[in-house]
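> Input structure: structure15.cif, which contains mmCIF, N, CA and C atoms.
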```cif
data_run
loop_
_atom_site.label_atom_id
_atom_site.label_comp_id
_atom_site.auth_asym_id
_atom_site.auth_seq_id
_atom_site.Cartn_x
_atom_site.Cartn_y
_atom_site.Cartn_z
N MET A 1 -22.77 -89.52 -13.95
CA MET A 1 -23.76 -89.34 -15.02
C MET A 1 -24.66 -88.16 -14.64
N GLU A 2 -24.84 -87.26 -15.58
CA GLU A 2 -25.65 -86.08 -15.28
C GLU A 2 -27.11 -86.29 -15.70
N LYS A 3 -27.96 -85.36 -15.30
CA LYS A 3 -29.41 -85.55 -15.46
C LYS A 3 -29.86 -85.79 -16.89
N TRP A 4 -29.26 -85.11 -17.85
CA TRP A 4 -29.73 -85.27 -19.23
C TRP A 4 -29.53 -86.69 -19.71
N THR A 5 -28.42 -87.30 -19.34
CA THR A 5 -28.15 -88.67 -19.77
C THR A 5 -29.22 -89.62 -19.26
N MET A 6 -29.57 -89.50 -18.00
CA MET A 6 -30.60 -90.37 -17.43
C MET A 6 -31.95 -90.14 -18.12
N LEU A 7 -32.27 -88.90 -18.40
CA LEU A 7 -33.54 -88.61 -19.06
C LEU A 7 -33.58 -89.16 -20.49
N ILE A 8 -32.46 -89.09 -21.19
CA ILE A 8 -32.39 -89.64 -22.55
C ILE A 8 -32.55 -91.16 -22.51
N ILE A 9 -31.90 -91.80 -21.56
CA ILE A 9 -32.03 -93.25 -21.42
C ILE A 9 -33.47 -93.62 -21.08
N ARG A 10 -34.08 -92.85 -20.19
CA ARG A 10 -35.49 -93.09 -19.85
C ARG A 10 -36.37 -93.00 -21.09
N GLU A 11 -36.15 -91.98 -21.91
CA GLU A 11 -36.93 -91.83 -23.14
C GLU A 11 -36.75 -93.04 -24.05
N ALA A 12 -35.53 -93.55 -24.13
CA ALA A 12 -35.27 -94.74 -24.95
C ALA A 12 -36.06 -95.94 -24.42
N PHE A 13 -36.16 -96.08 -23.10
CA PHE A 13 -36.98 -97.15 -22.52
C PHE A 13 -38.45 -96.97 -22.85
N TYR A 14 -38.89 -95.73 -22.97
CA TYR A 14 -40.27 -95.46 -23.35
C TYR A 14 -40.52 -95.74 -24.83
N GLY A 15 -39.44 -95.96 -25.59
CA GLY A 15 -39.58 -96.25 -27.02
C GLY A 15 -39.44 -95.03 -27.91
N VAL A 16 -39.05 -93.89 -27.34
CA VAL A 16 -38.84 -92.68 -28.13
C VAL A 16 -37.51 -92.81 -28.86
N LYS A 17 -37.51 -92.66 -30.18
CA LYS A 17 -36.32 -92.89 -31.00
C LYS A 17 -35.83 -91.65 -31.73
N ARG A 18 -36.73 -90.78 -32.11
CA ARG A 18 -36.39 -89.62 -32.94
C ARG A 18 -35.77 -88.50 -32.13
N PHE A 19 -34.73 -87.90 -32.68
CA PHE A 19 -34.02 -86.79 -32.05
C PHE A 19 -35.00 -85.70 -31.61
N ASP A 20 -35.84 -85.24 -32.54
CA ASP A 20 -36.76 -84.14 -32.22
C ASP A 20 -37.78 -84.52 -31.14
N ASP A 21 -38.20 -85.78 -31.13
CA ASP A 21 -39.14 -86.22 -30.09
C ASP A 21 -38.48 -86.24 -28.72
N ILE A 22 -37.24 -86.73 -28.66
CA ILE A 22 -36.50 -86.73 -27.39
C ILE A 22 -36.34 -85.29 -26.91
N ARG A 23 -35.90 -84.42 -27.82
CA ARG A 23 -35.66 -83.01 -27.48
C ARG A 23 -36.93 -82.35 -26.94
N GLU A 24 -38.04 -82.60 -27.59
CA GLU A 24 -39.30 -82.01 -27.16
C GLU A 24 -39.77 -82.57 -25.82
N ASP A 25 -39.67 -83.89 -25.65
CA ASP A 25 -40.16 -84.54 -24.43
C ASP A 25 -39.44 -84.06 -23.17
N ILE A 26 -38.12 -83.85 -23.28
CA ILE A 26 -37.37 -83.49 -22.07
C ILE A 26 -36.88 -82.04 -22.07
N SER A 27 -37.26 -81.28 -23.10
CA SER A 27 -36.89 -79.85 -23.19
C SER A 27 -35.38 -79.63 -23.03
N ILE A 28 -34.62 -80.39 -23.81
CA ILE A 28 -33.17 -80.32 -23.76
C ILE A 28 -32.67 -79.47 -24.93
N PRO A 29 -31.67 -78.63 -24.71
CA PRO A 29 -31.10 -77.88 -25.82
C PRO A 29 -30.53 -78.82 -26.90
N ARG A 30 -30.68 -78.44 -28.14
CA ARG A 30 -30.24 -79.27 -29.27
C ARG A 30 -28.77 -79.66 -29.15
N SER A 31 -27.90 -78.71 -28.82
CA SER A 31 -26.46 -79.00 -28.74
C SER A 31 -26.14 -79.99 -27.61
N VAL A 32 -26.85 -79.88 -26.50
CA VAL A 32 -26.64 -80.80 -25.38
C VAL A 32 -27.11 -82.20 -25.77
N LEU A 33 -28.26 -82.28 -26.41
CA LEU A 33 -28.76 -83.59 -26.84
C LEU A 33 -27.80 -84.24 -27.83
N THR A 34 -27.30 -83.48 -28.78
CA THR A 34 -26.34 -84.01 -29.75
C THR A 34 -25.12 -84.58 -29.03
N SER A 35 -24.59 -83.85 -28.09
CA SER A 35 -23.42 -84.27 -27.32
C SER A 35 -23.71 -85.54 -26.51
N ARG A 36 -24.83 -85.54 -25.81
CA ARG A 36 -25.19 -86.69 -24.97
C ARG A 36 -25.44 -87.94 -25.81
N LEU A 37 -26.12 -87.80 -26.95
CA LEU A 37 -26.36 -88.96 -27.82
C LEU A 37 -25.05 -89.53 -28.34
N LYS A 38 -24.12 -88.66 -28.75
CA LYS A 38 -22.80 -89.13 -29.21
C LYS A 38 -22.10 -89.90 -28.10
N HIS A 39 -22.18 -89.39 -26.89
CA HIS A 39 -21.56 -90.04 -25.73
C HIS A 39 -22.19 -91.42 -25.48
N LEU A 40 -23.51 -91.49 -25.50
CA LEU A 40 -24.20 -92.75 -25.24
C LEU A 40 -23.94 -93.78 -26.35
N VAL A 41 -23.84 -93.33 -27.59
CA VAL A 41 -23.50 -94.23 -28.70
C VAL A 41 -22.06 -94.71 -28.54
N ALA A 42 -21.15 -93.81 -28.23
CA ALA A 42 -19.73 -94.16 -28.07
C ALA A 42 -19.52 -95.18 -26.96
N HIS A 43 -20.36 -95.13 -25.93
CA HIS A 43 -20.24 -96.06 -24.81
C HIS A 43 -21.11 -97.31 -24.95
N GLY A 44 -21.75 -97.45 -26.09
CA GLY A 44 -22.51 -98.67 -26.36
C GLY A 44 -23.84 -98.79 -25.64
N ILE A 45 -24.38 -97.68 -25.16
CA ILE A 45 -25.69 -97.69 -24.48
C ILE A 45 -26.81 -97.56 -25.52
N LEU A 46 -26.60 -96.69 -26.49
CA LEU A 46 -27.54 -96.50 -27.60
C LEU A 46 -26.83 -96.81 -28.91
N GLU A 47 -27.63 -97.13 -29.92
CA GLU A 47 -27.08 -97.24 -31.27
C GLU A 47 -27.97 -96.47 -32.23
N ARG A 48 -27.34 -95.96 -33.28
CA ARG A 48 -28.08 -95.23 -34.31
C ARG A 48 -28.66 -96.25 -35.28
N LYS A 49 -29.94 -96.12 -35.56
CA LYS A 49 -30.61 -96.96 -36.55
C LYS A 49 -31.42 -96.06 -37.45
N GLN A 50 -31.30 -96.28 -38.73
CA GLN A 50 -32.05 -95.48 -39.69
C GLN A 50 -33.54 -95.86 -39.65
N TYR A 51 -34.38 -94.87 -39.79
CA TYR A 51 -35.82 -95.10 -39.91
C TYR A 51 -36.32 -94.16 -41.00
N GLN A 52 -37.47 -94.48 -41.53
CA GLN A 52 -38.03 -93.62 -42.57
C GLN A 52 -39.54 -93.58 -42.44
N VAL A 53 -40.07 -92.39 -42.32
CA VAL A 53 -41.51 -92.17 -42.34
C VAL A 53 -41.91 -92.10 -43.81
N GLU A 54 -43.03 -92.73 -44.14
CA GLU A 54 -43.46 -92.76 -45.53
C GLU A 54 -43.51 -91.35 -46.12
N GLY A 55 -42.88 -91.21 -47.28
CA GLY A 55 -42.87 -89.93 -47.98
C GLY A 55 -41.78 -88.98 -47.51
N ALA A 56 -40.97 -89.38 -46.57
CA ALA A 56 -39.90 -88.52 -46.06
C ALA A 56 -38.55 -89.20 -46.27
N ARG A 57 -37.49 -88.44 -46.08
CA ARG A 57 -36.17 -89.03 -46.23
C ARG A 57 -35.80 -89.86 -45.00
N SER A 58 -34.83 -90.72 -45.16
CA SER A 58 -34.35 -91.56 -44.07
C SER A 58 -33.61 -90.71 -43.04
N ARG A 59 -33.82 -91.01 -41.77
CA ARG A 59 -33.17 -90.27 -40.68
C ARG A 59 -32.67 -91.24 -39.63
N PRO A 60 -31.68 -90.81 -38.83
CA PRO A 60 -31.21 -91.70 -37.77
C PRO A 60 -32.15 -91.64 -36.55
N GLY A 61 -32.34 -92.78 -35.94
CA GLY A 61 -33.06 -92.87 -34.68
C GLY A 61 -32.12 -93.49 -33.67
N TYR A 62 -32.48 -93.48 -32.43
CA TYR A 62 -31.62 -94.00 -31.37
C TYR A 62 -32.38 -95.06 -30.58
N VAL A 63 -31.77 -96.24 -30.46
CA VAL A 63 -32.38 -97.34 -29.72
C VAL A 63 -31.37 -97.90 -28.73
N LEU A 64 -31.89 -98.49 -27.68
CA LEU A 64 -31.03 -99.10 -26.67
C LEU A 64 -30.34 -100.34 -27.23
N THR A 65 -29.10 -100.52 -26.86
CA THR A 65 -28.38 -101.75 -27.17
C THR A 65 -28.68 -102.75 -26.05
N ALA A 66 -28.16 -103.95 -26.17
CA ALA A 66 -28.32 -104.94 -25.08
C ALA A 66 -27.71 -104.38 -23.80
N LYS A 67 -26.56 -103.73 -23.91
CA LYS A 67 -25.92 -103.10 -22.76
C LYS A 67 -26.83 -102.03 -22.15
N GLY A 68 -27.46 -101.24 -22.99
CA GLY A 68 -28.38 -100.21 -22.51
C GLY A 68 -29.61 -100.79 -21.84
N ARG A 69 -30.13 -101.88 -22.41
CA ARG A 69 -31.32 -102.51 -21.82
C ARG A 69 -31.02 -103.09 -20.43
N GLU A 70 -29.75 -103.41 -20.18
CA GLU A 70 -29.38 -103.92 -18.86
C GLU A 70 -29.55 -102.86 -17.77
N LEU A 71 -29.70 -101.61 -18.15
CA LEU A 71 -29.95 -100.54 -17.18
C LEU A 71 -31.40 -100.51 -16.70
N SER A 72 -32.24 -101.38 -17.24
CA SER A 72 -33.67 -101.32 -16.94
C SER A 72 -33.97 -101.39 -15.45
N LEU A 73 -33.34 -102.30 -14.73
CA LEU A 73 -33.63 -102.40 -13.29
C LEU A 73 -33.23 -101.13 -12.55
N THR A 74 -32.14 -100.53 -12.96
CA THR A 74 -31.70 -99.27 -12.34
C THR A 74 -32.74 -98.17 -12.58
N ILE A 75 -33.17 -98.04 -13.82
CA ILE A 75 -34.16 -97.01 -14.17
C ILE A 75 -35.47 -97.28 -13.44
N PHE A 76 -35.93 -98.53 -13.47
CA PHE A 76 -37.21 -98.87 -12.82
C PHE A 76 -37.12 -98.68 -11.31
N ALA A 77 -35.98 -99.00 -10.70
CA ALA A 77 -35.83 -98.82 -9.25
C ALA A 77 -35.88 -97.33 -8.90
N LEU A 78 -35.23 -96.49 -9.71
CA LEU A 78 -35.27 -95.05 -9.46
C LEU A 78 -36.69 -94.51 -9.64
N MET A 79 -37.41 -95.00 -10.65
CA MET A 79 -38.79 -94.57 -10.85
C MET A 79 -39.65 -94.99 -9.67
N GLN A 80 -39.47 -96.22 -9.19
CA GLN A 80 -40.24 -96.73 -8.06
C GLN A 80 -39.97 -95.90 -6.81
N TRP A 81 -38.71 -95.57 -6.56
CA TRP A 81 -38.35 -94.75 -5.41
C TRP A 81 -38.98 -93.35 -5.55
N GLY A 82 -38.86 -92.76 -6.73
CA GLY A 82 -39.42 -91.43 -6.96
C GLY A 82 -40.93 -91.41 -6.79
N ASP A 83 -41.61 -92.46 -7.29
CA ASP A 83 -43.06 -92.53 -7.13
C ASP A 83 -43.44 -92.55 -5.66
N LYS A 84 -42.67 -93.27 -4.86
CA LYS A 84 -42.99 -93.39 -3.44
C LYS A 84 -42.67 -92.12 -2.66
N HIS A 85 -41.54 -91.51 -2.95
CA HIS A 85 -41.06 -90.41 -2.12
C HIS A 85 -41.27 -89.02 -2.72
N LEU A 86 -41.44 -88.94 -4.02
CA LEU A 86 -41.56 -87.62 -4.64
C LEU A 86 -42.91 -87.37 -5.27
N LYS A 87 -43.67 -88.39 -5.49
CA LYS A 87 -44.96 -88.26 -6.19
C LYS A 87 -46.13 -88.68 -5.31
N ASP A 88 -45.95 -88.69 -4.01
CA ASP A 88 -47.01 -89.07 -3.07
C ASP A 88 -47.59 -90.45 -3.39
N GLY A 89 -46.73 -91.37 -3.82
CA GLY A 89 -47.18 -92.74 -4.09
C GLY A 89 -47.93 -92.91 -5.39
N LYS A 90 -48.02 -91.85 -6.20
CA LYS A 90 -48.74 -91.92 -7.48
C LYS A 90 -47.74 -92.14 -8.61
N PRO A 91 -47.71 -93.34 -9.19
CA PRO A 91 -46.72 -93.60 -10.24
C PRO A 91 -47.02 -92.83 -11.52
N ALA A 92 -45.96 -92.46 -12.22
CA ALA A 92 -46.09 -91.81 -13.53
C ALA A 92 -46.17 -92.86 -14.63
N ILE A 93 -45.59 -94.03 -14.36
CA ILE A 93 -45.55 -95.13 -15.32
C ILE A 93 -46.03 -96.40 -14.62
N ALA A 94 -46.90 -97.13 -15.28
CA ALA A 94 -47.33 -98.42 -14.76
C ALA A 94 -46.52 -99.51 -15.48
N ILE A 95 -45.91 -100.38 -14.71
CA ILE A 95 -45.16 -101.50 -15.27
C ILE A 95 -45.94 -102.76 -14.93
N SER A 96 -46.30 -103.52 -15.95
CA SER A 96 -47.11 -104.73 -15.71
C SER A 96 -46.59 -105.89 -16.55
N HIS A 97 -46.94 -107.09 -16.11
CA HIS A 97 -46.59 -108.31 -16.84
C HIS A 97 -47.50 -108.40 -18.06
N ARG A 98 -46.91 -108.63 -19.21
CA ARG A 98 -47.67 -108.62 -20.46
C ARG A 98 -48.79 -109.65 -20.48
N GLU A 99 -48.54 -110.85 -19.97
CA GLU A 99 -49.57 -111.91 -20.00
C GLU A 99 -50.60 -111.76 -18.90
N SER A 100 -50.13 -111.70 -17.65
CA SER A 100 -51.06 -111.70 -16.51
C SER A 100 -51.67 -110.33 -16.25
N LYS A 101 -51.03 -109.27 -16.77
CA LYS A 101 -51.45 -107.88 -16.54
C LYS A 101 -51.22 -107.43 -15.10
N ASN A 102 -50.58 -108.26 -14.28
CA ASN A 102 -50.31 -107.89 -12.89
C ASN A 102 -49.22 -106.83 -12.83
N PRO A 103 -49.33 -105.88 -11.90
CA PRO A 103 -48.30 -104.86 -11.76
C PRO A 103 -46.98 -105.49 -11.30
N LEU A 104 -45.87 -104.87 -11.71
CA LEU A 104 -44.54 -105.34 -11.33
C LEU A 104 -43.83 -104.27 -10.52
N LYS A 105 -42.91 -104.70 -9.65
CA LYS A 105 -42.06 -103.78 -8.90
C LYS A 105 -40.65 -104.35 -8.87
N VAL A 106 -39.70 -103.49 -8.63
CA VAL A 106 -38.30 -103.91 -8.52
C VAL A 106 -38.08 -104.42 -7.10
N ALA A 107 -37.45 -105.59 -7.00
CA ALA A 107 -37.16 -106.18 -5.70
C ALA A 107 -36.01 -107.16 -5.85
N LEU A 108 -35.39 -107.49 -4.75
CA LEU A 108 -34.36 -108.53 -4.76
C LEU A 108 -35.04 -109.89 -4.80
N VAL A 109 -34.47 -110.81 -5.55
CA VAL A 109 -35.00 -112.18 -5.60
C VAL A 109 -33.87 -113.15 -5.28
N GLU A 110 -34.25 -114.33 -4.84
CA GLU A 110 -33.25 -115.35 -4.54
C GLU A 110 -32.57 -115.79 -5.82
N ALA A 111 -31.28 -116.05 -5.73
CA ALA A 111 -30.53 -116.55 -6.89
C ALA A 111 -31.18 -117.84 -7.37
N GLY A 112 -31.26 -117.98 -8.67
CA GLY A 112 -31.82 -119.19 -9.25
C GLY A 112 -33.33 -119.15 -9.44
N THR A 113 -33.98 -118.07 -9.01
CA THR A 113 -35.42 -117.96 -9.22
C THR A 113 -35.68 -117.20 -10.51
N ASP A 114 -36.86 -117.35 -11.04
CA ASP A 114 -37.19 -116.70 -12.30
C ASP A 114 -37.34 -115.19 -12.12
N GLU A 115 -36.89 -114.46 -13.13
CA GLU A 115 -37.11 -113.02 -13.18
C GLU A 115 -37.92 -112.73 -14.43
N VAL A 116 -38.57 -111.58 -14.45
CA VAL A 116 -39.38 -111.19 -15.60
C VAL A 116 -38.47 -110.47 -16.58
N SER A 117 -38.43 -110.90 -17.83
CA SER A 117 -37.59 -110.27 -18.83
C SER A 117 -38.28 -109.02 -19.39
N LEU A 118 -37.49 -108.16 -20.03
CA LEU A 118 -38.06 -106.95 -20.63
C LEU A 118 -39.09 -107.29 -21.69
N ALA A 119 -38.92 -108.43 -22.35
CA ALA A 119 -39.87 -108.83 -23.39
C ALA A 119 -41.24 -109.18 -22.80
N GLU A 120 -41.30 -109.38 -21.49
CA GLU A 120 -42.55 -109.78 -20.84
C GLU A 120 -43.27 -108.64 -20.14
N ILE A 121 -42.79 -107.41 -20.32
CA ILE A 121 -43.42 -106.31 -19.61
C ILE A 121 -44.07 -105.31 -20.55
N ASP A 122 -45.03 -104.58 -20.02
CA ASP A 122 -45.67 -103.47 -20.71
C ASP A 122 -45.46 -102.22 -19.85
N LEU A 123 -45.17 -101.09 -20.49
CA LEU A 123 -45.07 -99.81 -19.79
C LEU A 123 -46.22 -98.94 -20.27
N LYS A 124 -46.91 -98.31 -19.33
CA LYS A 124 -48.01 -97.44 -19.68
C LYS A 124 -47.84 -96.11 -18.95
N ILE A 125 -47.76 -95.03 -19.70
CA ILE A 125 -47.65 -93.71 -19.10
C ILE A 125 -49.03 -93.32 -18.56
N LEU A 126 -49.06 -92.96 -17.29
CA LEU A 126 -50.34 -92.63 -16.63
C LEU A 126 -50.64 -91.15 -16.71
#
```
Before anything else, please render the file you have as structure tokens.


Amino acid sequence: MEKWTMLIIREAFYGVKRFDDIREDISIPRSVLTSRLKHLVAHGILERKQYQVEGARSRPGYVLTAKGRELSLTIFALMQWGDKHLKDGKPAIAISHRESKNPLKVALVEAGTDEVSLAEIDLKIL
């Protein structure tokens, strides 16, 4: 998997859906983004969903599928590693439990113990 694919998936986790917003956020060439989105849709990581801004025509947006959401621990683990080793311990994104507001980190847990679901977390860009 090359860098653009990981960055597109990261944007999807941030909730970015629009083609132009993804392109602007990661400074990716239009043709490369088109190719990568087709690839991610074909492999079931993203799906195209129509959205419409009031007063504008309907356009396709891109959202993670269940298969794509399963990449969350991988993405969060890479972010956690990067924050520690590349950002002098200063995180770019805060991940917290939605109810308790306590910060979360990726770690191994014993089988049979509770894990925090994606529905229970908040992401905040710092």

> Rounded to one decimal in Å, what is the spacing between CA of Lys124 (chain A) and atom C of Ala92 (chain A)?

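Separating CA of Lys124 (chain A) from atom C of Ala92 (chain A) is a distance of 7.1 Å.
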
> Could you check which residues have any atom within 10 Å of (-31.5, -92.2, -31.8), counting only C-alpha atoms with coordinates taken straight from the file, and then list them as a list in words?

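Looking at atoms near the point gives Ile8, Ala12, Val16, Lys17, Arg18, Phe19, Asp20, Asp21, Ile22, Thr34, Leu37, Lys38, Leu40, Val41, Leu46, Glu47, Arg48, Lys49, Gln50, Tyr51, Arg59, Pro60, Gly61, Tyr62, Val63 and Leu64 of chain A.
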
> Taking only C-alpha atoms into account, produce a table as CSV in which each residue of region 45-80 of chain A with an atom at most 12 Å from an atom of region 93-101 of chain A appears once, together with its shortest atom pair and the distance in Å to one decimal, ordered by chain and rising number.


```
residue,atom,partner,partner_atom,distance
A:Ser72,CA,A:Ile95,CA,11.6
A:Leu73,CA,A:Ile95,CA,11.7
A:Ile75,CA,A:Ile93,CA,11.6
A:Phe76,CA,A:Ile95,CA,8.7
A:Ala77,CA,A:Ile95,CA,11.4
A:Leu78,CA,A:Ile93,CA,11.8
A:Met79,CA,A:Ile93,CA,8.1
A:Gln80,CA,A:Ile93,CA,9.1
```

> Write out as an MDAnalysis selection string the residues lying within 6 Å of Gly44 (chain A), counting all atoms listed in the file and excluding same-chain residues fewer than 6 positions away.

chainID A and resid 65 67:68

> What is the atom N of Glu54 (chain A)-atom C of Asp25 (chain A) distance in Å, reported with one decimal?

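So the answer is 23.0 Å.
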
> May I have the protein, DNA and RNA residues with any atom at most 8 Å from the point (-37.2, -86.1, -17.4), counting only N, CA and C atoms, written as a ChimeraX atom specification?

/A:3-4,6-8,10-11,25-27

> Using DSSP secondary structure from the backbone, list all alpha helix (DSSP H) positions within region 48-84 of chain A, as an MDAnalysis selection string.

chainID A and resid 66:69 72:84

> Could you state the separation of CA of Asn102 (chain A) and CA of Lys84 (chain A) in Å, given to one decimal place?

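Calculated distance between CA of Asn102 (chain A) and CA of Lys84 (chain A) is 18.8 Å.
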
> Taking the DSSP secondary structure from the backbone, can you list the residues of chain A that are strand (DSSP E), as an mmCIF file with N, CA and C atoms, in the coordinates of the input?


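Dumped everything to out.cif:
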```
data_model
loop_
_atom_site.group_PDB
_atom_site.id
_atom_site.type_symbol
_atom_site.label_atom_id
_atom_site.label_comp_id
_atom_site.auth_asym_id
_atom_site.auth_seq_id
_atom_site.Cartn_x
_atom_site.Cartn_y
_atom_site.Cartn_z
ATOM 1 N N LEU A 46 -26.600 -96.690 -26.490
ATOM 2 C CA LEU A 46 -27.540 -96.500 -27.600
ATOM 3 C C LEU A 46 -26.830 -96.810 -28.910
ATOM 4 N N GLU A 47 -27.630 -97.130 -29.920
ATOM 5 C CA GLU A 47 -27.080 -97.240 -31.270
ATOM 6 C C GLU A 47 -27.970 -96.470 -32.230
ATOM 7 N N ARG A 48 -27.340 -95.960 -33.280
ATOM 8 C CA ARG A 48 -28.080 -95.230 -34.310
ATOM 9 C C ARG A 48 -28.660 -96.250 -35.280
ATOM 10 N N LYS A 49 -29.940 -96.120 -35.560
ATOM 11 C CA LYS A 49 -30.610 -96.960 -36.550
ATOM 12 C C LYS A 49 -31.420 -96.060 -37.450
ATOM 13 N N GLN A 50 -31.300 -96.280 -38.730
ATOM 14 C CA GLN A 50 -32.050 -95.480 -39.690
ATOM 15 C C GLN A 50 -33.540 -95.860 -39.650
ATOM 16 N N TYR A 51 -34.380 -94.870 -39.790
ATOM 17 C CA TYR A 51 -35.820 -95.100 -39.910
ATOM 18 C C TYR A 51 -36.320 -94.160 -41.000
ATOM 19 N N ARG A 59 -33.820 -91.010 -41.770
ATOM 20 C CA ARG A 59 -33.170 -90.270 -40.680
ATOM 21 C C ARG A 59 -32.670 -91.240 -39.630
ATOM 22 N N PRO A 60 -31.680 -90.810 -38.830
ATOM 23 C CA PRO A 60 -31.210 -91.700 -37.770
ATOM 24 C C PRO A 60 -32.150 -91.640 -36.550
ATOM 25 N N GLY A 61 -32.340 -92.780 -35.940
ATOM 26 C CA GLY A 61 -33.060 -92.870 -34.680
ATOM 27 C C GLY A 61 -32.120 -93.490 -33.670
ATOM 28 N N TYR A 62 -32.480 -93.480 -32.430
ATOM 29 C CA TYR A 62 -31.620 -94.000 -31.370
ATOM 30 C C TYR A 62 -32.380 -95.060 -30.580
ATOM 31 N N VAL A 63 -31.770 -96.240 -30.460
ATOM 32 C CA VAL A 63 -32.380 -97.340 -29.720
ATOM 33 C C VAL A 63 -31.370 -97.900 -28.730
ATOM 34 N N LEU A 64 -31.890 -98.490 -27.680
ATOM 35 C CA LEU A 64 -31.030 -99.100 -26.670
ATOM 36 C C LEU A 64 -30.340 -100.340 -27.230
ATOM 37 N N ILE A 93 -45.590 -94.030 -14.360
ATOM 38 C CA ILE A 93 -45.550 -95.130 -15.320
ATOM 39 C C ILE A 93 -46.030 -96.400 -14.620
ATOM 40 N N ALA A 94 -46.900 -97.130 -15.280
ATOM 41 C CA ALA A 94 -47.330 -98.420 -14.760
ATOM 42 C C ALA A 94 -46.520 -99.510 -15.480
ATOM 43 N N ILE A 95 -45.910 -100.380 -14.710
ATOM 44 C CA ILE A 95 -45.160 -101.500 -15.270
ATOM 45 C C ILE A 95 -45.940 -102.760 -14.930
ATOM 46 N N SER A 96 -46.300 -103.520 -15.950
ATOM 47 C CA SER A 96 -47.110 -104.730 -15.710
ATOM 48 C C SER A 96 -46.590 -105.890 -16.550
ATOM 49 N N HIS A 97 -46.940 -107.090 -16.110
ATOM 50 C CA HIS A 97 -46.590 -108.310 -16.840
ATOM 51 C C HIS A 97 -47.500 -108.400 -18.060
ATOM 52 N N ILE A 121 -42.790 -107.410 -20.320
ATOM 53 C CA ILE A 121 -43.420 -106.310 -19.610
ATOM 54 C C ILE A 121 -44.070 -105.310 -20.550
ATOM 55 N N ASP A 122 -45.030 -104.580 -20.020
ATOM 56 C CA ASP A 122 -45.670 -103.470 -20.710
ATOM 57 C C ASP A 122 -45.460 -102.220 -19.850
ATOM 58 N N LEU A 123 -45.170 -101.090 -20.490
ATOM 59 C CA LEU A 123 -45.070 -99.810 -19.790
ATOM 60 C C LEU A 123 -46.220 -98.940 -20.270
ATOM 61 N N LYS A 124 -46.910 -98.310 -19.330
ATOM 62 C CA LYS A 124 -48.010 -97.440 -19.680
ATOM 63 C C LYS A 124 -47.840 -96.110 -18.950
ATOM 64 N N ILE A 125 -47.760 -95.030 -19.700
ATOM 65 C CA ILE A 125 -47.650 -93.710 -19.100
ATOM 66 C C ILE A 125 -49.030 -93.320 -18.560
#
```
